[in-house]
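Written out below as structure tokens is the structure these notes cover.
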Amino acid sequence: MDAPFLTVRNLTKHFAPTAFSRGPVVRALDDISFDIARGQVVGLVGESGSGKTTIGRSVLRLIEPTSGEIRFDGVDITKLSAGPLVRQRRKMQYIFQDPFASLSPRMTIGQILTEGLDIQGIGSRRERRAKAERALAAVELPVDAYDRYAHEFSGGQRQRIGIARALTLEPEFIVADEPVSALDVSIQAQIINLLRDLQVRLGLTMLFISHDLAVVEYICDTVIVLYLGRIMEVAPAAALYARPQHPYTRALLSAIPSLDPLARQGRQVLKGDIPSPANPPTGCVFRTRCPVALDACAGIVPPLRATTSDGHLKACIRDDIA
Amino acid sequence: MDAPILSISGLRAVFRIAGRDIAAVQDVDLVIGSGETVALVGESGSGKSVTSLSIIGLLPKKIGRIAEGSIALRRRDGTVTELTGLDPESLRKVRGNDIGMVFQEPMTSLNPVYSIGEQIAEPIRIHLGRSHRDAATDAVRLLAQVGIPDPDRRARQYPHELSGGMRQRATIAMALSCDPTLLIADEPTTALDVTIQAQILDLLAALQAQRGMGILFVTHNLGVVAEIANRVAVMYAGRIVESGPVSEVFTRPRHPYTAGLMRSVPRLGQATTLKAAGTPLPTIAGNVPSLALLPKGCSFAPRCVLAVDACRTAVPPLFAATSTQQSRCLRWEDL
């Protein structure tokens, strides 16, 4: 098998108080390790404060990790200096959640789409325009969008522009951070279909971040479930939905409201709030809300380990609940 | 039989934009009985929030107004009050009193410089005329009722000291402080994580069972509708396109928009099957139309696979598909 395209090892990010803020260290990520093979889509799912966006940003080194290693196609990007990092970023792009906040209202769509090419010094003006127009076609927007402004487009169309911006540099790797969360239901599915289509056609490798387990199922090959900065469970998408193993994953799946009005009974509701990452529980971070926690769960941080042969990994000491 | 808690008929709310009245909501009829939860569901710009703001008289001041229709509310003392055309002073006596309100973002509905307890006590003093001391006691009791542990201490805390879920519980306590007949909950769980959303939905259902108030639940999330509502009204481009009991509408939608929306919602386990078969996720083609540029006839016709010429000539009326279910589609029988 090929070496993984992206390797993350022992990634940790602690936000320390600065001269302008008080308070304890926020442990956003603790000891995160995972791989993405070339052409694969990995989903990162979790609730607020789980660290999913921190991982996405660290992977492109938009924020500096506290420790750990991020190897991108063999290159450890945590050690790159500014120049080589900018060149490396040509291959790595980011799609943002909010299609209103992430597009400048003062730039034409053409300027937005070619800005990255300008920075990277790629092509002549004419070539840059051609690349931008190809990207517009790829996201099924009319070519005349080039000279228009973001406010002339609907939310779904703006998200297509955000995707086109990521595509103009012809990247190999894309972080899509909640790309459909701000969109209406009928538009969400359009955008997921488009991303899946582009991913297959262009052979993209992708990290797909979402708070919604239902959204990532279609597009992801593998899903990573996060809670409070730690990985709870990793599994191939089909196995995760068919046989979730970690009690947190089960609770998360159970909490998604079903369209079947008769299914409203039997839902498992987790008690309490997500603890603060500034003061996470000892041992397993989920134990304070876990319906099957034991005394032992407070004592050790459960390692992520294989429990079955279907590629499932879970960070839970209980094997008697499956 | 008692009069319904809320009875809206022929509501038309308009916004004055560039010298022209644009209808954000039209032909809206809606009835909520006591102890009943009615969900108003739709996408951005469908008019669901404008409908709820019309009820409480909080349309944007300079540009928004109710152009036609009636909104009748049964109050705590059993009298029925027509809310349209009510002067601001009388409306203030209804809001936060006979009508409780919970909005999407608990941080913006709470005042950061007052303690939680003071904010819950305020409407009790103003509307019910209770003393400071009694109102403060009531506030603590309400916090306990909405499931906030250690309510004495929490009442003395400020909004920033509470988590998102706790804050939403506090706004629910505030909404219920004067024992309203109608609770308007506008996307109350949209800003919350799913595990917290499940808690809040359970809480609202439990409180309704105790108090018997009517709930108007505004949401874009069909799964939440299935969880919480007895009846549902689906809005599209300012009109109700389908309504009826959730059990009927969700098992047999009679409007192509409802049917398309239900197919677009990702269902757990379904995507794996579709992906294996190489089939894309079901979608509704096109985009929601601008309210300023609505097509002639049925607003959904440009995106509808069933549309025929007749759909493009006049807005269809609401047809009675069953004794309880209505559809604004000429072809409801073909669905």
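Starting from 1 in every chain, residues are counted up; chains themselves are A, B, ... following the order of the structure tokens, and ligands are numbered from 1 as listed.
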
Could I get the residues of chain A with an atom no further than 7 Å from an atom of chain B, each paired with its nearest atom pair and that distance in Å to one decimal, using only C-alpha atoms, sorted by chain and residue number, as JSON lines?
```
{"residue": "A:Glu47", "atom": "CA", "partner": "B:Asp193", "partner_atom": "CA", "distance": 5.9}
{"residue": "A:Ser48", "atom": "CA", "partner": "B:Asp193", "partner_atom": "CA", "distance": 6.8}
{"residue": "A:Asp184", "atom": "CA", "partner": "B:Glu43", "partner_atom": "CA", "distance": 5.8}
{"residue": "A:Val185", "atom": "CA", "partner": "B:Val265", "partner_atom": "CA", "distance": 6.4}
{"residue": "A:Ser186", "atom": "CA", "partner": "B:Ile284", "partner_atom": "CA", "distance": 5.5}
{"residue": "A:Ala189", "atom": "CA", "partner": "B:Thr283", "partner_atom": "CA", "distance": 5.6}
{"residue": "A:Gln190", "atom": "CA", "partner": "B:Thr283", "partner_atom": "CA", "distance": 5.9}
{"residue": "A:Asn193", "atom": "CA", "partner": "B:Pro280", "partner_atom": "CA", "distance": 6.0}
{"residue": "A:Ala214", "atom": "CA", "partner": "B:Leu268", "partner_atom": "CA", "distance": 5.6}
{"residue": "A:Val215", "atom": "CA", "partner": "B:Pro266", "partner_atom": "CA", "distance": 6.3}
{"residue": "A:Glu217", "atom": "CA", "partner": "B:Ala271", "partner_atom": "CA", "distance": 6.0}
{"residue": "A:Tyr218", "atom": "CA", "partner": "B:Ala271", "partner_atom": "CA", "distance": 4.8}
{"residue": "A:Ala238", "atom": "CA", "partner": "B:Thr272", "partner_atom": "CA", "distance": 6.0}
{"residue": "A:Tyr241", "atom": "CA", "partner": "B:Gly269", "partner_atom": "CA", "distance": 6.1}
{"residue": "A:Leu252", "atom": "CA", "partner": "B:Thr195", "partner_atom": "CA", "distance": 6.5}
{"residue": "A:Ala255", "atom": "CA", "partner": "B:Thr195", "partner_atom": "CA", "distance": 5.6}
{"residue": "A:Ile256", "atom": "CA", "partner": "B:Val194", "partner_atom": "CA", "distance": 6.4}
{"residue": "A:Pro257", "atom": "CA", "partner": "B:Gly223", "partner_atom": "CA", "distance": 4.5}
{"residue": "A:Ser258", "atom": "CA", "partner": "B:Gly223", "partner_atom": "CA", "distance": 5.0}
{"residue": "A:Leu259", "atom": "CA", "partner": "B:Gly223", "partner_atom": "CA", "distance": 4.6}
{"residue": "A:Asp260", "atom": "CA", "partner": "B:Ala226", "partner_atom": "CA", "distance": 6.3}
{"residue": "A:Pro261", "atom": "CA", "partner": "B:Ala226", "partner_atom": "CA", "distance": 4.6}
{"residue": "A:Arg264", "atom": "CA", "partner": "B:Glu227", "partner_atom": "CA", "distance": 5.4}
{"residue": "A:Val269", "atom": "CA", "partner": "B:Ala198", "partner_atom": "CA", "distance": 6.2}
{"residue": "A:Leu270", "atom": "CA", "partner": "B:Thr195", "partner_atom": "CA", "distance": 6.2}
```

### Task
Find the distance between atom CA of Met92 of chain A and atom CA of Arg38 of chain A and write it in Å to one decimal.
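Between atom CA of Met92 of chain A and atom CA of Arg38 of chain A the gap works out to 13.0 Å.
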
### Task
Please provide the set of residues having any atom within 10 Å of Arg328 of chain B, restricted to only C-alpha atoms, with same-chain residues fewer than 6 positions apart removed, written as a count of residues only.
16

### d(atom CA of Ala239 of chain A, atom CA of Ser309 of chain A) in Å
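Taking atom CA of Ala239 of chain A as the start and atom CA of Ser309 of chain A as the end point, the length is 10.7 Å.
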
### Query
Which residues in segment 74-218 of chain A does DSSP call helix (DSSP H, G or I)? List them as number ranges by chain.
A: 77-79, 82-89, 109-120, 125-138, 143-147, 150-152, 155-167, 185-202, 213-216

#### Entry: Filtered DSSP result for segment 177-320 of chain A, state strand (DSSP E or B), as a PyMOL selection string
chain A and resi 177+205-210+222-227+230-236+305-306+313-314

### Task
Determine, counting only C-alpha atoms, which protein, DNA and RNA residues have an atom within 10 Å of an atom of segment 170-177 of chain A; residues of the same chain fewer than 5 positions away are not included. Present the result as number ranges by chain.
A: 5-6, 38-44, 52-53, 55-57, 59-60, 72-73, 88-98, 131, 135, 163-165, 195, 199, 202-211

Could I get the residues of segment 180-276 of chain B with an atom no further than 7 Å from an atom of segment 103-115 of chain B, each paired with its nearest atom pair and that distance in Å to one decimal, using only C-alpha atoms, sorted by chain and residue number, as a tab-separated table?
```
residue	atom	partner	partner_atom	distance
B:Ala185	CA	B:Phe103	CA	6.0
B:Asp186	CA	B:Phe103	CA	4.9
B:Glu187	CA	B:Gln104	CA	4.8
B:Pro188	CA	B:Gln104	CA	4.5
B:Thr189	CA	B:Gln104	CA	6.6
B:Thr190	CA	B:Gln104	CA	6.2
B:Ala191	CA	B:Glu105	CA	6.3
```

### Query
Contacts of Ser58 of chain A at 12 Å or less, counting only C-alpha atoms, minus same-chain residues fewer than 6 places along, as number ranges by chain?
A: 8-9, 11-14, 28-29, 32, 51-52, 64-72, 77-78, 94, 175, 207

Serialized selection, N, CA and C atoms, as a PDB file, in the first residue's frame:
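Done, and the output landed in part_28.pdb:
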```pdb
ATOM      1  N   VAL A   8      -0.887  12.632  10.448  1.00  0.00           N
ATOM      2  CA  VAL A   8      -0.892  13.495  11.621  1.00  0.00           C
ATOM      3  C   VAL A   8      -0.476  12.627  12.804  1.00  0.00           C
ATOM      4  N   ARG A   9       0.534  13.057  13.541  1.00  0.00           N
ATOM      5  CA  ARG A   9       1.023  12.271  14.677  1.00  0.00           C
ATOM      6  C   ARG A   9       1.106  13.114  15.937  1.00  0.00           C
ATOM      7  N   LEU A  11      -0.649  15.198  17.444  1.00  0.00           N
ATOM      8  CA  LEU A  11      -0.919  16.634  17.325  1.00  0.00           C
ATOM      9  C   LEU A  11      -1.584  17.156  18.600  1.00  0.00           C
ATOM     10  N   THR A  12      -0.984  18.182  19.163  1.00  0.00           N
ATOM     11  CA  THR A  12      -1.505  18.791  20.383  1.00  0.00           C
ATOM     12  C   THR A  12      -1.534  20.295  20.194  1.00  0.00           C
ATOM     13  N   LYS A  13      -2.625  20.923  20.610  1.00  0.00           N
ATOM     14  CA  LYS A  13      -2.697  22.371  20.548  1.00  0.00           C
ATOM     15  C   LYS A  13      -3.269  22.887  21.855  1.00  0.00           C
ATOM     16  N   HIS A  14      -2.462  23.633  22.571  1.00  0.00           N
ATOM     17  CA  HIS A  14      -2.924  24.281  23.794  1.00  0.00           C
ATOM     18  C   HIS A  14      -2.898  25.779  23.562  1.00  0.00           C
ATOM     19  N   ALA A  28      -7.131  22.454  23.513  1.00  0.00           N
ATOM     20  CA  ALA A  28      -8.030  22.285  22.368  1.00  0.00           C
ATOM     21  C   ALA A  28      -7.859  20.918  21.725  1.00  0.00           C
ATOM     22  N   LEU A  29      -6.612  20.443  21.629  1.00  0.00           N
ATOM     23  CA  LEU A  29      -6.340  19.137  21.036  1.00  0.00           C
ATOM     24  C   LEU A  29      -5.310  18.420  21.884  1.00  0.00           C
ATOM     25  N   ILE A  32      -3.562  13.880  18.951  1.00  0.00           N
ATOM     26  CA  ILE A  32      -4.389  13.420  17.826  1.00  0.00           C
ATOM     27  C   ILE A  32      -3.496  12.792  16.756  1.00  0.00           C
ATOM     28  N   GLY A  51     -12.645  20.339  18.818  1.00  0.00           N
ATOM     29  CA  GLY A  51     -11.327  20.527  18.217  1.00  0.00           C
ATOM     30  C   GLY A  51     -11.284  20.270  16.729  1.00  0.00           C
ATOM     31  N   LYS A  52     -12.448  20.087  16.091  1.00  0.00           N
ATOM     32  CA  LYS A  52     -12.434  19.732  14.673  1.00  0.00           C
ATOM     33  C   LYS A  52     -11.842  20.836  13.792  1.00  0.00           C
ATOM     34  N   GLU A  64      -0.404  27.466  14.560  1.00  0.00           N
ATOM     35  CA  GLU A  64       0.777  26.682  14.904  1.00  0.00           C
ATOM     36  C   GLU A  64       0.438  25.641  15.961  1.00  0.00           C
ATOM     37  N   PRO A  65       0.665  24.370  15.668  1.00  0.00           N
ATOM     38  CA  PRO A  65       0.425  23.366  16.709  1.00  0.00           C
ATOM     39  C   PRO A  65       1.427  23.518  17.854  1.00  0.00           C
ATOM     40  N   THR A  66       1.022  23.109  19.049  1.00  0.00           N
ATOM     41  CA  THR A  66       1.911  23.153  20.207  1.00  0.00           C
ATOM     42  C   THR A  66       2.986  22.085  20.069  1.00  0.00           C
ATOM     43  N   SER A  67       2.573  20.888  19.656  1.00  0.00           N
ATOM     44  CA  SER A  67       3.550  19.848  19.366  1.00  0.00           C
ATOM     45  C   SER A  67       2.916  18.854  18.409  1.00  0.00           C
ATOM     46  N   GLY A  68       3.731  17.953  17.895  1.00  0.00           N
ATOM     47  CA  GLY A  68       3.221  16.961  16.965  1.00  0.00           C
ATOM     48  C   GLY A  68       3.772  17.151  15.569  1.00  0.00           C
ATOM     49  N   GLU A  69       3.427  16.205  14.720  1.00  0.00           N
ATOM     50  CA  GLU A  69       4.006  16.161  13.381  1.00  0.00           C
ATOM     51  C   GLU A  69       2.875  16.089  12.362  1.00  0.00           C
ATOM     52  N   ILE A  70       2.992  16.862  11.291  1.00  0.00           N
ATOM     53  CA  ILE A  70       2.010  16.807  10.210  1.00  0.00           C
ATOM     54  C   ILE A  70       2.781  16.607   8.913  1.00  0.00           C
ATOM     55  N   ARG A  71       2.726  15.408   8.363  1.00  0.00           N
ATOM     56  CA  ARG A  71       3.454  15.132   7.126  1.00  0.00           C
ATOM     57  C   ARG A  71       2.484  15.147   5.972  1.00  0.00           C
ATOM     58  N   PHE A  72       2.813  15.994   4.993  1.00  0.00           N
ATOM     59  CA  PHE A  72       1.961  16.165   3.839  1.00  0.00           C
ATOM     60  C   PHE A  72       2.753  15.688   2.632  1.00  0.00           C
ATOM     61  N   ILE A  77       5.256  19.599   7.447  1.00  0.00           N
ATOM     62  CA  ILE A  77       4.992  21.028   7.246  1.00  0.00           C
ATOM     63  C   ILE A  77       5.147  21.842   8.520  1.00  0.00           C
ATOM     64  N   THR A  78       5.211  21.164   9.674  1.00  0.00           N
ATOM     65  CA  THR A  78       5.404  21.947  10.901  1.00  0.00           C
ATOM     66  C   THR A  78       6.810  22.535  10.959  1.00  0.00           C
ATOM     67  N   TYR A  94      -8.619  25.497   1.471  1.00  0.00           N
ATOM     68  CA  TYR A  94      -9.594  25.475   2.568  1.00  0.00           C
ATOM     69  C   TYR A  94     -10.935  25.982   2.043  1.00  0.00           C
ATOM     70  N   VAL A 175      -9.315  21.032   2.785  1.00  0.00           N
ATOM     71  CA  VAL A 175     -10.026  20.964   4.055  1.00  0.00           C
ATOM     72  C   VAL A 175     -11.359  21.679   3.848  1.00  0.00           C
ATOM     73  N   LEU A 207     -10.303  16.480   3.837  1.00  0.00           N
ATOM     74  CA  LEU A 207     -10.683  16.403   5.252  1.00  0.00           C
ATOM     75  C   LEU A 207     -11.989  17.175   5.359  1.00  0.00           C
TER      76      LEU A 207
END
```

### Message
Which residues are close to Val80 of chain B, i.e. within 10 Å by only C-alpha atoms, leaving aside same-chain residues fewer than 3 positions away? Reply as JSON, numbers by chain.
### Response
{"B": [3, 4, 5, 6, 7, 72, 73, 74, 75, 76, 77, 83]}
